[in-house]
file run.pdb (PDB, C-alpha atoms (C1' of nucleotides))
MODEL        1
ATOM      1  CA  MET A   1      80.070 -81.532 -10.671
ATOM      2  CA  ALA A   2      82.974 -83.515  -9.249
ATOM      3  CA  LYS A   3      83.601 -83.609  -5.536
ATOM      4  CA  LEU A   4      85.805 -80.829  -4.301
ATOM      5  CA  ASP A   5      88.982 -81.689  -2.474
ATOM      6  CA  GLU A   6      89.320 -80.773   1.198
ATOM      7  CA  SER A   7      92.595 -79.003   0.447
ATOM      8  CA  LEU A   8      90.612 -76.218  -1.212
ATOM      9  CA  LEU A   9      89.474 -74.950   2.176
ATOM     10  CA  SER A  10      92.017 -76.321   4.612
ATOM     11  CA  GLY A  11      94.423 -73.390   4.294
ATOM     12  CA  LEU A  12      91.814 -70.630   4.495
ATOM     13  CA  PRO A  13      91.502 -68.578   7.698
ATOM     14  CA  PRO A  14      87.838 -69.345   8.504
ATOM     15  CA  PHE A  15      88.597 -73.069   8.304
ATOM     16  CA  SER A  16      92.234 -73.271   9.365
ATOM     17  CA  LEU A  17      91.485 -74.866  12.734
ATOM     18  CA  LEU A  18      89.263 -77.575  11.302
ATOM     19  CA  GLY A  19      90.044 -81.199  10.581
ATOM     20  CA  ARG A  20      89.512 -83.040   7.332
ATOM     21  CA  ALA A  21      86.181 -84.512   8.337
ATOM     22  CA  GLN A  22      84.706 -81.162   9.290
ATOM     23  CA  ILE A  23      85.889 -79.561   6.054
ATOM     24  CA  ARG A  24      84.369 -82.448   4.122
ATOM     25  CA  GLU A  25      81.108 -81.787   5.935
ATOM     26  CA  ILE A  26      81.222 -78.099   5.017
ATOM     27  CA  LEU A  27      82.068 -78.810   1.382
ATOM     28  CA  ASP A  28      79.277 -81.340   1.064
ATOM     29  CA  GLN A  29      76.755 -78.668   1.964
ATOM     30  CA  ALA A  30      78.098 -76.194  -0.600
ATOM     31  CA  ARG A  31      77.127 -75.593  -4.177
ATOM     32  CA  THR A  32      79.836 -74.576  -6.670
ATOM     33  CA  GLN A  33      79.184 -72.026  -9.375
ATOM     34  CA  ARG A  34      81.265 -70.524 -12.147
ATOM     35  CA  PHE A  35      80.631 -66.912 -13.207
ATOM     36  CA  ASP A  36      81.804 -65.096 -16.320
ATOM     37  CA  GLU A  37      83.519 -61.734 -15.994
ATOM     38  CA  GLY A  38      80.965 -59.040 -15.256
ATOM     39  CA  ALA A  39      78.312 -61.400 -13.859
ATOM     40  CA  GLN A  40      76.371 -60.588 -10.698
ATOM     41  CA  VAL A  41      76.596 -63.096  -7.855
ATOM     42  CA  PHE A  42      73.937 -61.259  -5.904
ATOM     43  CA  CYS A  43      72.244 -57.907  -6.124
ATOM     44  CA  GLU A  44      71.696 -55.049  -3.683
ATOM     45  CA  GLY A  45      68.325 -55.399  -1.987
ATOM     46  CA  MET A  46      67.816 -59.064  -2.913
ATOM     47  CA  ASP A  47      66.768 -61.567  -0.267
ATOM     48  CA  ALA A  48      69.942 -62.783   1.382
ATOM     49  CA  THR A  49      69.287 -66.454   0.873
ATOM     50  CA  HIS A  50      72.927 -67.543   0.742
ATOM     51  CA  PHE A  51      76.436 -66.707   1.860
ATOM     52  CA  HIS A  52      79.493 -67.311  -0.272
ATOM     53  CA  LEU A  53      83.195 -67.936  -0.514
ATOM     54  CA  LEU A  54      85.313 -66.907  -3.500
ATOM     55  CA  LEU A  55      87.478 -69.845  -4.551
ATOM     56  CA  ASP A  56      89.022 -68.273  -7.633
ATOM     57  CA  GLY A  57      88.734 -64.954  -9.465
ATOM     58  CA  TYR A  58      87.967 -61.466  -8.163
ATOM     59  CA  LEU A  59      84.837 -59.588  -7.158
ATOM     60  CA  ARG A  60      83.836 -55.964  -6.966
ATOM     61  CA  VAL A  61      81.360 -55.019  -4.259
ATOM     62  CA  VAL A  62      79.297 -52.193  -5.668
ATOM     63  CA  ARG A  63      76.658 -49.814  -4.380
ATOM     64  CA  THR A  64      74.413 -47.734  -6.609
ATOM     65  CA  THR A  65      73.605 -44.187  -5.553
ATOM     66  CA  PRO A  66      70.095 -42.726  -5.900
ATOM     67  CA  GLY A  67      71.571 -40.648  -8.737
ATOM     68  CA  GLY A  68      72.275 -43.852 -10.626
ATOM     69  CA  ASP A  69      76.081 -43.893 -10.654
ATOM     70  CA  GLN A  70      77.838 -46.755  -8.958
ATOM     71  CA  ILE A  71      80.664 -46.724  -6.496
ATOM     72  CA  ILE A  72      83.013 -49.634  -5.909
ATOM     73  CA  VAL A  73      83.107 -50.234  -2.166
ATOM     74  CA  LEU A  74      85.802 -52.911  -2.054
ATOM     75  CA  HIS A  75      87.252 -55.931  -3.834
ATOM     76  CA  ILE A  76      87.102 -59.569  -2.752
ATOM     77  CA  SER A  77      90.096 -61.871  -3.297
ATOM     78  CA  PRO A  78      90.176 -65.677  -3.501
ATOM     79  CA  GLY A  79      89.677 -67.387  -0.158
ATOM     80  CA  GLN A  80      87.400 -64.706   1.255
ATOM     81  CA  LEU A  81      83.838 -65.060   2.486
ATOM     82  CA  PHE A  82      81.345 -62.540   1.113
ATOM     83  CA  GLY A  83      77.643 -61.853   1.311
ATOM     84  CA  ILE A  84      77.958 -62.560   5.013
ATOM     85  CA  ALA A  85      76.654 -59.360   6.620
ATOM     86  CA  ALA A  86      73.434 -60.839   5.317
ATOM     87  CA  ALA A  87      73.920 -64.086   7.204
ATOM     88  CA  LEU A  88      74.500 -62.166  10.436
ATOM     89  CA  HIS A  89      71.740 -59.615  10.730
ATOM     90  CA  ARG A  90      70.137 -58.523   7.528
ATOM     91  CA  ASP A  91      67.541 -60.220   5.405
ATOM     92  CA  THR A  92      68.681 -58.481   2.202
ATOM     93  CA  TYR A  93      72.111 -57.906   0.656
ATOM     94  CA  PRO A  94      73.435 -54.394   1.321
ATOM     95  CA  ALA A  95      75.432 -54.246  -1.937
ATOM     96  CA  THR A  96      75.863 -55.925  -5.323
ATOM     97  CA  ALA A  97      78.680 -58.398  -5.987
ATOM     98  CA  VAL A  98      80.015 -58.355  -9.566
ATOM     99  CA  THR A  99      82.831 -60.558 -10.845
ATOM    100  CA  ALA A 100      85.857 -58.580 -12.018
ATOM    101  CA  ALA A 101      87.205 -61.714 -13.683
ATOM    102  CA  GLU A 102      85.909 -65.205 -14.339
ATOM    103  CA  SER A 103      85.274 -66.628 -10.895
ATOM    104  CA  ILE A 104      84.464 -69.798  -8.957
ATOM    105  CA  VAL A 105      82.166 -69.360  -5.966
ATOM    106  CA  LEU A 106      81.102 -71.715  -3.183
ATOM    107  CA  THR A 107      77.600 -71.056  -1.871
ATOM    108  CA  TRP A 108      75.767 -72.114   1.293
ATOM    109  CA  PRO A 109      72.193 -71.425   2.367
ATOM    110  CA  SER A 110      72.023 -68.646   4.978
ATOM    111  CA  HIS A 111      70.303 -70.856   7.531
ATOM    112  CA  LEU A 112      73.532 -72.838   7.925
ATOM    113  CA  TRP A 113      75.349 -69.768   9.262
ATOM    114  CA  GLU A 114      74.306 -70.251  12.910
ATOM    115  CA  GLY A 115      75.535 -73.810  12.866
ATOM    116  CA  PHE A 116      78.846 -72.836  11.257
ATOM    117  CA  THR A 117      79.641 -70.244  13.912
ATOM    118  CA  SER A 118      78.765 -72.495  16.845
ATOM    119  CA  LYS A 119      80.053 -75.782  15.499
ATOM    120  CA  TYR A 120      83.292 -74.895  13.762
ATOM    121  CA  ASP A 121      86.147 -73.668  15.880
ATOM    122  CA  GLY A 122      87.634 -70.352  14.741
ATOM    123  CA  PHE A 123      85.025 -69.702  12.087
ATOM    124  CA  ALA A 124      83.279 -66.898  14.000
ATOM    125  CA  THR A 125      86.417 -65.100  15.198
ATOM    126  CA  GLU A 126      88.029 -65.203  11.759
ATOM    127  CA  THR A 127      84.850 -63.837  10.243
ATOM    128  CA  TYR A 128      84.847 -60.939  12.692
ATOM    129  CA  LYS A 129      88.462 -60.209  11.809
ATOM    130  CA  THR A 130      87.562 -60.121   8.120
ATOM    131  CA  LEU A 131      84.638 -57.778   8.741
ATOM    132  CA  GLY A 132      86.838 -55.555  10.892
ATOM    133  CA  ARG A 133      89.508 -55.327   8.210
ATOM    134  CA  ARG A 134      86.927 -54.472   5.559
ATOM    135  CA  LEU A 135      85.318 -51.803   7.704
ATOM    136  CA  GLY A 136      88.745 -50.297   8.352
ATOM    137  CA  GLN A 137      89.524 -50.300   4.645
ATOM    138  CA  ILE A 138      86.230 -48.636   3.769
ATOM    139  CA  GLN A 139      86.893 -45.959   6.371
ATOM    140  CA  ASP A 140      90.370 -45.362   4.975
ATOM    141  CA  THR A 141      88.876 -44.899   1.527
ATOM    142  CA  MET A 142      86.199 -42.548   2.837
ATOM    143  CA  THR A 143      88.812 -40.447   4.594
ATOM    144  CA  GLU A 144      90.898 -40.291   1.430
ATOM    145  CA  ILE A 145      87.973 -39.166  -0.668
ATOM    146  CA  ALA A 146      87.137 -36.477   1.875
ATOM    147  CA  THR A 147      90.664 -35.151   2.363
ATOM    148  CA  GLN A 148      93.050 -36.146  -0.439
ATOM    149  CA  ALA A 149      93.527 -34.769  -3.930
ATOM    150  CA  VAL A 150      92.455 -36.899  -6.873
ATOM    151  CA  GLU A 151      95.957 -38.016  -7.830
ATOM    152  CA  GLN A 152      96.583 -39.303  -4.314
ATOM    153  CA  ARG A 153      93.285 -41.156  -4.258
ATOM    154  CA  VAL A 154      94.001 -42.859  -7.576
ATOM    155  CA  ALA A 155      97.466 -43.798  -6.342
ATOM    156  CA  ALA A 156      95.987 -45.283  -3.160
ATOM    157  CA  ALA A 157      93.328 -47.216  -5.083
ATOM    158  CA  ILE A 158      95.888 -48.757  -7.433
ATOM    159  CA  LEU A 159      98.194 -49.636  -4.559
ATOM    160  CA  ARG A 160      95.298 -51.293  -2.761
ATOM    161  CA  MET A 161      94.494 -53.426  -5.816
ATOM    162  CA  VAL A 162      98.131 -54.303  -6.306
ATOM    163  CA  ASN A 163      98.543 -55.270  -2.667
ATOM    164  CA  GLN A 164      95.479 -57.462  -2.846
ATOM    165  CA  SER A 165      95.945 -59.055  -6.231
ATOM    166  CA  GLY A 166      99.345 -58.059  -7.598
ATOM    167  CA  ARG A 167     101.271 -60.535  -9.717
ATOM    168  CA  LYS A 168     104.869 -60.092 -10.748
ATOM    169  CA  THR A 169     105.722 -59.537 -14.390
ATOM    170  CA  ASP A 170     109.002 -58.669 -16.046
ATOM    171  CA  ALA A 171     107.999 -54.997 -16.177
ATOM    172  CA  GLY A 172     106.780 -54.729 -12.595
ATOM    173  CA  ILE A 173     103.743 -55.729 -10.598
ATOM    174  CA  GLU A 174     100.384 -56.029 -12.307
ATOM    175  CA  VAL A 175      96.853 -55.689 -10.993
ATOM    176  CA  GLY A 176      95.593 -59.280 -11.057
ATOM    177  CA  PHE A 177      92.238 -58.640 -12.699
ATOM    178  CA  PRO A 178      90.903 -56.443 -15.535
ATOM    179  CA  VAL A 179      90.316 -52.813 -14.507
ATOM    180  CA  THR A 180      89.062 -49.941 -16.618
ATOM    181  CA  ARG A 181      89.578 -46.196 -16.101
ATOM    182  CA  GLN A 182      85.880 -46.080 -15.356
ATOM    183  CA  ASN A 183      86.304 -48.703 -12.602
ATOM    184  CA  ILE A 184      89.050 -46.660 -10.977
ATOM    185  CA  SER A 185      86.946 -43.520 -11.132
ATOM    186  CA  ASP A 186      84.147 -45.479  -9.437
ATOM    187  CA  MET A 187      86.557 -46.287  -6.596
ATOM    188  CA  THR A 188      87.911 -42.795  -6.181
ATOM    189  CA  GLY A 189      84.974 -40.496  -6.773
ATOM    190  CA  THR A 190      86.376 -38.868  -9.891
ATOM    191  CA  THR A 191      85.821 -39.190 -13.642
ATOM    192  CA  LEU A 192      87.293 -41.638 -16.111
ATOM    193  CA  HIS A 193      88.842 -38.688 -17.958
ATOM    194  CA  THR A 194      90.802 -37.559 -14.931
ATOM    195  CA  VAL A 195      91.941 -41.140 -14.282
ATOM    196  CA  SER A 196      93.030 -41.431 -17.908
ATOM    197  CA  ARG A 197      95.037 -38.202 -17.725
ATOM    198  CA  THR A 198      96.572 -39.235 -14.408
ATOM    199  CA  LEU A 199      97.643 -42.637 -15.739
ATOM    200  CA  SER A 200      99.012 -41.063 -18.938
ATOM    201  CA  ALA A 201     101.122 -38.672 -16.869
ATOM    202  CA  TRP A 202     102.399 -41.524 -14.690
ATOM    203  CA  GLU A 203     103.197 -43.557 -17.779
ATOM    204  CA  LYS A 204     105.370 -40.688 -19.085
ATOM    205  CA  ASP A 205     107.072 -40.630 -15.682
ATOM    206  CA  GLY A 206     107.716 -44.368 -15.821
ATOM    207  CA  ILE A 207     105.594 -45.143 -12.763
ATOM    208  CA  VAL A 208     103.073 -47.393 -14.524
ATOM    209  CA  ARG A 209     102.575 -49.149 -17.843
ATOM    210  CA  SER A 210      99.043 -49.775 -18.948
ATOM    211  CA  THR A 211      97.115 -51.302 -21.808
ATOM    212  CA  ARG A 212      93.387 -51.771 -22.103
ATOM    213  CA  LYS A 213      92.104 -53.191 -18.785
ATOM    214  CA  HIS A 214      95.644 -53.964 -17.578
ATOM    215  CA  ILE A 215      97.808 -51.900 -15.273
ATOM    216  CA  VAL A 216     101.417 -52.707 -14.413
ATOM    217  CA  VAL A 217     103.053 -50.680 -11.672
ATOM    218  CA  THR A 218     106.697 -50.297 -12.640
ATOM    219  CA  ALA A 219     107.731 -48.073  -9.721
ATOM    220  CA  PRO A 220     105.631 -48.974  -6.659
ATOM    221  CA  HIS A 221     107.730 -46.857  -4.305
ATOM    222  CA  ARG A 222     106.889 -43.757  -6.303
ATOM    223  CA  LEU A 223     103.166 -44.509  -6.069
ATOM    224  CA  VAL A 224     103.562 -44.860  -2.307
ATOM    225  CA  GLN A 225     105.271 -41.467  -2.247
ATOM    226  CA  LEU A 226     102.421 -39.969  -4.267
ATOM    227  CA  CYS A 227      99.712 -41.008  -1.851
ATOM    228  CA  GLY A 228     101.759 -39.847   1.089
ATOM    229  CA  HIS A 229     101.680 -42.762   3.535
TER     230      HIS A 229
ATOM    231  C1'  DT B   1      92.260 -28.294  -9.092
ATOM    232  C1'  DC B   2      89.059 -30.796 -11.295
ATOM    233  C1'  DA B   3      84.395 -31.865 -13.981
ATOM    234  C1'  DT B   4      82.384 -31.461 -18.260
ATOM    235  C1'  DT B   5      81.998 -31.415 -23.092
ATOM    236  C1'  DA B   6      83.372 -32.829 -27.127
ATOM    237  C1'  DA B   7      85.820 -35.065 -30.567
ATOM    238  C1'  DG B   8      88.925 -37.975 -31.635
ATOM    239  C1'  DT B   9      91.993 -42.937 -31.791
ATOM    240  C1'  DA B  10      92.731 -47.807 -30.489
ATOM    241  C1'  DT B  11      91.308 -52.415 -29.479
ATOM    242  C1'  DG B  12      89.143 -56.673 -29.577
ATOM    243  C1'  DC B  13      85.128 -59.824 -30.301
TER     244       DC B  13
ATOM    245  C1'  DG C   1      82.474 -53.192 -38.201
ATOM    246  C1'  DC C   2      80.687 -52.185 -34.188
ATOM    247  C1'  DA C   3      80.845 -51.509 -29.231
ATOM    248  C1'  DT C   4      83.868 -50.589 -25.744
ATOM    249  C1'  DA C   5      88.125 -48.642 -23.900
ATOM    250  C1'  DC C   6      91.023 -44.992 -23.905
ATOM    251  C1'  DT C   7      93.215 -40.167 -25.079
ATOM    252  C1'  DT C   8      93.429 -35.321 -25.400
ATOM    253  C1'  DA C   9      92.162 -30.390 -25.611
ATOM    254  C1'  DA C  10      89.251 -26.735 -24.488
ATOM    255  C1'  DT C  11      86.385 -24.360 -21.213
ATOM    256  C1'  DG C  12      84.822 -22.829 -17.074
ATOM    257  C1'  DA C  13      83.285 -23.601 -12.019
TER     258       DA C  13
ENDMDL
END

call {"tool": "encode", "arguments": {"input": "run.pdb", "output": "structure tokens"}}
result
Amino acid sequence: MAKLDESLLSGLPPFSLLGRAQIREILDQARTQRFDEGAQVFCEGMDATHFHLLLDGYLRVVRTTPGGDQIIVLHISPGQLFGIAAALHRDTYPATAVTAAESIVLTWPSHLWEGFTSKYDGFATETYKTLGRRLGQIQDTMTEIATQAVEQRVAAAILRMVNQSGRKTDAGIEVGFPVTRQNISDMTGTTLHTVSRTLSAWEKDGIVRSTRKHIVVTAPHRLVQLCGH
DNA sequence: TCATTAAGTATGC
DNA sequence: GCATACTTAATGA
């Protein structure tokens, strides 16, 4: 594989304070991997041998309940570190990471983590910020599931995806990776049938337009109204 | 209000 | 043409 350019990392928060030489150093210790849509980068319970950064694509972080159904905990966007709770404390991964779209991932052995946090300025603090944001987001979702009606939860989930990955189209703003009704039900604690009915109703109301695995939000303000924030 | 069952259509490799 | 994605109606907790 060809050498990666320093510019790939230079803009990203964990590395923003670093010079070219340091970024070169970090890149030279990384392995690059491409994953097809739907592939697992690591699996819940596996030995946490590596930590990762998503260069391109999108990931779902998934936990499987004892009952066997899966819930989508959060999504990872390009430029974000993941599989890092492992590098901090745990010896196994607490969740499974599945690619939502074809993805490029940088990977480092976990034993480098200590050195990264002590050696590279800003790396540790930015990582804590990321973890804090994710924890906050998970808590928001938990609160929604406990207190909000299904329609509001689905609205919030779609808004979250759009905020994280939205791309403009002529019709509106589109979720930047493939999503199924089933995926949305796994984020909101409902069934794919209810999600399907909800989206159909919104489509009639002109709030969204959707085709298989693609959702375009045509009236974002109305979705915001629906979830009541 | 929503899950479940069931029975269908649409879509894309 | 088959698996997967999606839709809709009916029923009942």

call {"tool": "closest_atom_pairs", "arguments": {"input": "run.pdb", "of": "chain C", "to": "chain A", "cutoff": "12 Å", "atoms": "all atoms listed in the file", "output": "CSV"}}
result
residue,atom,partner,partner_atom,distance
C:DT4,C1',A:Arg212,CA,10.3
C:DA5,C1',A:Arg212,CA,6.4
C:DC6,C1',A:Ser196,CA,7.3
C:DT7,C1',A:Ser196,CA,7.3
C:DT8,C1',A:Arg197,CA,8.4
C:DA9,C1',A:Arg197,CA,11.5

call {"tool": "atom_distance", "arguments": {"input": "run.pdb", "atom1": "CA of Gly57 in chain A", "atom2": "CA of Val41 in chain A"}}
result
12.4 Å

call {"tool": "closest_atom_pairs", "arguments": {"input": "run.pdb", "of": "chain A", "to": "chain B", "cutoff": "9 Å", "atoms": "only C-alpha atoms (C1' of nucleotides)", "output": "CSV"}}
result
residue,atom,partner,partner_atom,distance
A:Ala149,CA,B:DT1,C1',8.4
A:Val150,CA,B:DC2,C1',8.3
A:Thr190,CA,B:DA3,C1',8.3
A:Thr191,CA,B:DA3,C1',7.5
A:Thr194,CA,B:DC2,C1',7.9
A:Arg212,CA,B:DT11,C1',7.7

call {"tool": "residues_around", "arguments": {"input": "run.pdb", "residues": "range 134-136 of chain A", "least_positions_apart": "2", "cutoff": "12 Å", "atoms": "all atoms listed in the file", "output": "VMD selection string"}}
result
chain A and resid 61 73 to 77 80 to 82 85 127 to 132 138 to 143

call {"tool": "atom_distance", "arguments": {"input": "run.pdb", "atom1": "CA of Ile72 in chain A", "atom2": "CA of Arg60 in chain A"}}
result
6.5 Å

call {"tool": "atom_distance", "arguments": {"input": "run.pdb", "atom1": "CA of Lys168 in chain A", "atom2": "CA of Pro13 in chain A"}}
result
24.3 Å
